[in-house]
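> Input file: work.cif. Contents: mmCIF, C-alpha atoms.
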data_data
#
loop_
_atom_site.label_atom_id
_atom_site.label_comp_id
_atom_site.auth_asym_id
_atom_site.auth_seq_id
_atom_site.Cartn_x
_atom_site.Cartn_y
_atom_site.Cartn_z
CA MET D 170 124.73 102.94 111.73
CA ALA D 171 124.81 101.26 108.31
CA SER D 172 124.38 103.70 105.43
CA ILE D 173 120.79 104.26 104.36
CA VAL D 174 121.59 102.62 101.01
CA THR D 175 122.79 99.45 102.76
CA THR D 176 119.82 99.46 105.14
CA VAL D 177 117.39 99.78 102.21
CA LYS D 178 119.13 96.90 100.40
CA ASN D 179 118.93 94.75 103.55
CA ALA D 180 115.26 95.69 103.99
CA GLU D 181 114.58 94.53 100.42
CA LYS D 182 116.25 91.19 101.16
CA LEU D 183 114.19 90.85 104.35
CA VAL D 184 110.99 91.47 102.37
CA GLU D 185 111.89 88.82 99.81
CA ARG D 186 112.76 86.33 102.52
CA THR D 187 109.75 86.84 104.81
CA MET D 188 107.04 87.33 102.18
CA LYS D 189 107.94 84.69 99.62
CA GLY D 190 105.21 82.34 100.88
CA ASN D 191 102.43 84.90 100.44
CA ASP D 192 99.94 84.90 97.58
CA ALA D 193 100.33 87.60 94.91
CA SER D 194 98.01 90.06 96.66
CA HIS D 195 100.58 90.64 99.42
CA ASP D 196 103.91 89.66 97.89
CA ALA D 197 107.19 91.51 97.39
CA ALA D 198 105.87 93.14 94.18
CA HIS D 199 103.12 94.80 96.27
CA VAL D 200 105.81 96.17 98.58
CA TRP D 201 107.90 97.54 95.69
CA ARG D 202 104.81 99.31 94.28
CA VAL D 203 103.94 100.81 97.66
CA ARG D 204 107.53 102.01 98.11
CA ASP D 205 107.54 103.68 94.67
CA LEU D 206 104.13 105.26 95.23
CA ALA D 207 105.10 106.47 98.72
CA LEU D 208 108.32 108.12 97.49
CA SER D 209 106.45 109.69 94.59
CA LEU D 210 103.72 111.06 96.92
CA ALA D 211 106.38 112.26 99.38
CA GLN D 212 108.05 114.20 96.59
CA GLU D 213 104.77 115.80 95.55
CA GLU D 214 104.09 116.69 99.18
CA GLY D 215 107.55 118.27 99.49
CA LEU D 216 108.94 116.04 102.26
CA SER D 217 112.58 116.42 103.34
CA SER D 218 115.31 113.87 102.54
CA ASP D 219 115.25 112.74 106.20
CA SER D 220 111.52 112.12 105.91
CA MET D 221 112.07 110.27 102.65
CA GLU D 222 114.30 107.76 104.47
CA ILE D 223 111.56 107.10 107.03
CA VAL D 224 108.97 106.79 104.24
CA GLU D 225 111.06 104.33 102.23
CA LEU D 226 111.84 102.04 105.15
CA ALA D 227 108.29 102.12 106.53
CA ALA D 228 106.88 101.34 103.06
CA LEU D 229 109.31 98.45 102.59
CA LEU D 230 108.68 96.91 106.01
CA HIS D 231 104.94 97.65 106.38
CA ASP D 232 103.59 94.15 105.61
CA ILE D 233 106.11 91.97 107.41
CA GLY D 234 104.30 89.97 110.10
CA ASP D 235 100.87 91.01 108.70
CA TYR D 236 98.18 89.30 110.82
CA LYS D 237 96.54 87.82 107.68
CA TYR D 238 99.64 85.76 106.97
CA SER D 239 101.15 85.46 110.41
CA ARG D 240 102.62 82.05 110.95
CA ASP D 241 104.13 82.71 114.34
CA PRO D 242 103.66 85.47 117.00
CA SER D 243 107.42 86.20 117.01
CA GLU D 244 107.02 87.68 113.52
CA GLU D 245 105.79 90.90 115.13
CA LYS D 246 109.31 91.50 116.38
CA ILE D 247 111.05 90.99 113.02
CA VAL D 248 110.89 94.64 111.97
CA GLU D 249 111.92 96.01 115.35
CA ASN D 250 114.89 93.63 115.53
CA PHE D 251 115.88 94.49 111.97
CA LEU D 252 115.92 98.25 112.66
CA GLU D 253 117.98 97.68 115.80
CA GLU D 254 120.48 95.47 114.00
CA GLU D 255 120.83 98.11 111.29
CA GLY D 256 121.51 100.74 113.94
CA VAL D 257 118.70 103.00 112.74
CA ASP D 258 118.51 106.19 114.76
CA GLU D 259 116.07 105.82 117.71
CA VAL D 260 113.79 108.69 116.63
CA LYS D 261 113.55 107.34 113.07
CA LYS D 262 113.04 103.82 114.36
CA MET D 263 110.10 104.87 116.55
CA LYS D 264 108.54 106.80 113.66
CA ILE D 265 108.85 103.82 111.31
CA LEU D 266 107.32 101.43 113.86
CA ALA D 267 104.47 103.87 114.62
CA ILE D 268 103.64 104.15 110.91
CA ILE D 269 103.58 100.38 110.44
CA LYS D 270 101.50 99.76 113.57
CA GLY D 271 98.88 102.40 112.83
CA MET D 272 98.33 102.31 109.10
CA GLY D 273 95.95 99.37 108.70
CA PHE D 274 92.28 99.78 107.80
CA LYS D 275 91.40 97.77 110.92
CA GLU D 276 92.97 100.54 113.06
CA GLU D 277 90.76 103.12 111.37
CA LEU D 278 87.70 100.95 112.12
CA ALA D 279 88.78 100.73 115.76
CA GLY D 280 88.94 104.53 115.94
CA HIS D 281 92.68 104.55 116.63
CA ALA D 282 93.22 106.67 113.62
CA ASN D 283 91.71 109.87 114.99
CA GLY D 284 94.57 112.10 115.83
CA GLU D 285 97.49 113.95 114.39
CA PHE D 286 99.30 112.10 111.65
CA SER D 287 102.91 112.72 110.72
CA PRO D 288 103.53 113.66 107.06
CA GLU D 289 105.45 110.38 106.68
CA PHE D 290 102.51 108.36 108.03
CA ARG D 291 100.07 110.04 105.62
CA VAL D 292 102.25 109.31 102.63
CA VAL D 293 102.92 105.63 103.41
CA GLN D 294 99.32 104.87 104.32
CA ASP D 295 98.01 106.60 101.18
CA ALA D 296 100.48 104.66 99.02
CA ASP D 297 99.37 101.35 100.54
CA ARG D 298 95.72 102.28 100.00
CA LEU D 299 96.29 103.38 96.42
CA ASP D 300 97.68 99.92 95.69
CA ALA D 301 94.44 98.45 97.06
CA ILE D 302 92.23 100.28 94.54
CA GLY D 303 92.10 100.72 90.77
CA ALA D 304 93.09 98.00 88.31
CA VAL D 305 95.84 96.57 90.52
CA GLY D 306 93.51 96.72 93.51
CA ILE D 307 90.87 94.69 91.65
CA ALA D 308 93.47 92.09 90.66
CA ARG D 309 94.76 91.88 94.23
CA CYS D 310 91.26 91.62 95.69
CA PHE D 311 90.36 88.61 93.54
CA THR D 312 93.76 87.02 94.09
CA PHE D 313 93.31 87.24 97.87
CA GLY D 314 89.72 85.99 97.67
CA GLY D 315 90.85 83.06 95.54
CA SER D 316 93.63 82.20 97.98
CA ARG D 317 90.97 81.92 100.73
CA ASN D 318 88.52 79.98 98.52
CA ARG D 319 85.92 82.73 98.74
CA VAL D 320 83.01 82.79 96.33
CA LEU D 321 83.15 85.66 93.83
CA HIS D 322 79.67 86.95 94.54
CA ASP D 323 76.44 85.82 96.15
CA PRO D 324 73.50 88.25 95.90
CA ALA D 325 72.07 86.69 99.10
CA ILE D 326 75.11 87.77 101.15
CA HIS D 327 74.98 91.52 101.70
CA PRO D 328 78.03 93.65 102.49
CA ARG D 329 78.40 94.29 106.20
CA SER D 330 77.81 97.93 107.10
CA ASP D 331 79.43 99.72 110.04
CA LEU D 332 82.07 97.07 110.47
CA SER D 333 83.96 96.81 113.74
CA LYS D 334 87.66 95.96 113.81
CA GLU D 335 86.82 92.48 115.15
CA GLN D 336 84.27 91.77 112.40
CA TYR D 337 86.69 92.97 109.76
CA MET D 338 89.45 90.66 111.01
CA LYS D 339 87.09 87.66 111.30
CA LYS D 340 87.37 85.13 108.54
CA GLU D 341 83.60 84.56 108.42
CA GLU D 342 81.87 83.72 105.13
CA GLN D 343 82.30 86.71 102.94
CA THR D 344 82.32 87.20 99.19
CA THR D 345 85.15 88.82 97.28
CA VAL D 346 82.85 91.40 95.68
CA ASN D 347 81.55 92.50 99.08
CA HIS D 348 85.09 93.53 100.00
CA PHE D 349 84.74 96.39 97.50
CA HIS D 350 81.76 97.75 99.45
CA GLU D 351 83.15 97.03 102.91
CA LYS D 352 86.56 98.57 102.31
CA LEU D 353 87.89 99.42 98.85
CA LEU D 354 85.26 101.95 97.80
CA LYS D 355 85.75 103.78 101.12
CA LEU D 356 89.47 104.35 100.65
CA LYS D 357 89.23 107.35 98.30
CA ASP D 358 87.65 109.44 101.05
CA LEU D 359 90.20 108.28 103.62
CA MET D 360 93.25 109.57 101.71
CA LYS D 361 95.30 111.87 103.92
CA THR D 362 97.46 113.73 101.37
CA LYS D 363 96.47 115.99 98.50
CA ALA D 364 98.66 113.92 96.18
CA GLY D 365 96.96 110.72 97.32
CA GLN D 366 93.49 112.20 96.88
CA ARG D 367 94.31 113.24 93.32
CA ARG D 368 95.48 109.77 92.34
CA ALA D 369 92.65 107.99 94.14
CA GLU D 370 89.97 109.69 92.01
CA ARG D 371 90.88 107.86 88.83
CA ARG D 372 91.41 104.48 90.52
CA HIS D 373 88.09 104.79 92.37
CA LYS D 374 86.21 105.57 89.16
CA PHE D 375 87.79 102.52 87.51
CA MET D 376 86.48 100.27 90.32
CA GLU D 377 82.98 101.74 90.08
CA ASP D 378 82.92 101.09 86.33
CA PHE D 379 84.22 97.55 86.88
CA LEU D 380 81.52 96.73 89.45
CA LYS D 381 78.74 98.12 87.23
CA GLU D 382 79.93 95.85 84.42
CA PHE D 383 80.39 92.91 86.81
CA TYR D 384 76.81 93.08 88.12
CA GLU D 385 75.37 93.43 84.61
CA GLU D 386 77.31 90.39 83.41
CA TRP D 387 76.43 88.42 86.56
CA ASP D 388 72.72 89.04 85.96
CA GLY D 389 73.01 88.27 82.25
CA ARG D 390 72.15 91.86 81.32
CA ALA D 391 75.38 92.61 79.48
#
Rewrite the structure of this file - the entire thing - as structure tokens.


Amino acid sequence: MASIVTTVKNAEKLVERTMKGNDASHDAAHVWRVRDLALSLAQEEGLSSDSMEIVELAALLHDIGDYKYSRDPSEEKIVENFLEEEGVDEVKKMKILAIIKGMGFKEELAGHANGEFSPEFRVVQDADRLDAIGAVGIARCFTFGGSRNRVLHDPAIHPRSDLSKEQYMKKEEQTTVNHFHEKLLKLKDLMKTKAGQRRAERRHKFMEDFLKEFYEEWDGRA
């Protein structure tokens, strides 16, 4: 097997290569932030150095072949092939793939997320969700909405409640601001680590304050 340092370096190159066409809400910079957050949470949670390797690789590879940007079905195999080429230990490889497959919000909506989560899974998922909320989360949300030509806000279009996985994945007419109500404001209560919960509080509050100001300005009250 290649050394973990080499594998990490190669994973970084793979991220840059496969994600360079994405808009700034899901680009390489997002991946670097998630990796840093995940390692920081893992440290706070007291994970072992072996676990840290799984966390780092899963965080780096988590958005490759993302269905929102998928250009070709074969992209789903990119990560698996990469881990095999790098000679990553079978147990670690399976853990990394399980984290990536199960960590999306759409899986939680489908009820696939009810079960025992490995400490590595909790850390990587929390890190990804932290990057979706707070100031960076707001910036990413509007960047993504803009890339899909979504309207900012339309008071006549209400947020969808009790979303199914299928509805969530559908590209039907939706406003960017509704995404806060359909997903982002729910993430604080879905954090799976103590460290993630602590950090989510502040980011969540920032989003609430932002939305209050947004609605007041939208209505000409501010």

> When distances are computed from all atoms listed in the file, which of D:Val203, D:Val257, D:Ala198, D:Ile269 shows the smallest separation from D:Ala227?

D:Ile269

> From the list D:Gly315, D:Gly190, D:Gly215, D:Gly303, which residue is nearest D:Arg368 when using all atoms listed in the file?

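The answer is D:Gly303, which sits nearest to D:Arg368.
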
> Can you tell me which residues surround D:Thr187 at a distance of at most 10 Å, considering only C-alpha atoms, apart from same-chain residues fewer than 6 positions away, and format the answer as a VMD selection string?

chain D and resid 196 to 197 232 to 234 244 247

> I want to know what sits within 12 Å of D:Ala171, based on only C-alpha atoms, with residues of the same chain fewer than 6 positions away left out; could you give that as an NGL selection string?

:D and (177-180 or 251-258)

> When the PyMOL selection byres ((chain D and resi 286) around 12) is applied to the file above, which residues end up in the set, as number ranges by chain?

D: 264, 267-268, 271-272, 281-285, 287-295, 360-362

> Smallest atom-to-atom distance to D:Glu185: which of D:Ile173, D:Leu208, D:Val200, D:Ala296, using only C-alpha atoms?

D:Val200

> So what does the PyMOL selection byres ((chain D and resi 373) around 12) actually pick up in this one, as number ranges by chain?

D: 298-307, 349-350, 352-360, 365-372, 374-380

> Report the residues retrieved by the PyMOL selection byres ((chain D and resi 348) around 10) from the displayed file, expressed as a list in words.

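That expression, the PyMOL selection byres ((chain D and resi 348) around 10), corresponds here to Cys310, Phe311, Gly314, Pro328, Arg329, Tyr337, Gln343, Thr344, Thr345, Val346, Asn347, Phe349, His350, Glu351, Lys352, Leu353 and Leu354 of chain D.
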
> For D:Gln336, which of D:Ala228, D:Met221, D:Leu216, D:Leu278 is the closest residue, counting all atoms listed in the file?

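Once distances to D:Gln336 are computed over all atoms listed in the file, the minimum belongs to D:Leu278.
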
> For D:His199, which residue out of D:Lys182, D:Lys262, D:Lys275, D:Arg309 is the nearest one, using all atoms listed in the file?

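Closest candidate: D:Arg309.
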
> Separation of atom CA of D:Ser218 and atom CA of D:Asn250, in Å?

24.1 Å

> The residues within 12 Å of (77.4, 81.5, 95.5), using all atoms listed in the file and the coordinates of the file, should be reported as a list in words; which are they?

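Protein, DNA and RNA residues close to (77.4, 81.5, 95.5): Asn318, Arg319, Val320, Leu321, His322, Asp323, Pro324, Ala325, Ile326, Glu342, Gln343, Thr344, Thr345, Val346 and Trp387 of chain D.
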
> For a quick check of understanding, using all atoms listed in the file, which of D:Thr176, D:Ala193, D:Ala279, D:Glu259 has the smallest distance to D:Leu229?

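Checking each of D:Thr176, D:Ala193, D:Ala279, D:Glu259 against D:Leu229, counting all atoms listed in the file, the winner is D:Thr176.
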
> Find the distance between atom CA of D:Leu266 and atom CA of D:Ser333 and write it in Å to one decimal.

23.8 Å

> What separation in Å, quoted to one decimal, exists between atom CA of D:Glu277 and atom CA of D:Lys363?

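Separating atom CA of D:Glu277 from atom CA of D:Lys363 is a distance of 19.1 Å.
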
> Just need the box for stretch 210-214 of chain D, edges along x, y and z, holding every atom the file lists for it with 6 Å tacked onto each side, so centre and edge lengths in Å to one decimal, as lines of an AutoDock Vina configuration file.


center_x = 105.9
center_y = 113.9
center_z = 97.5
size_x = 16.3
size_y = 17.6
size_z = 15.8
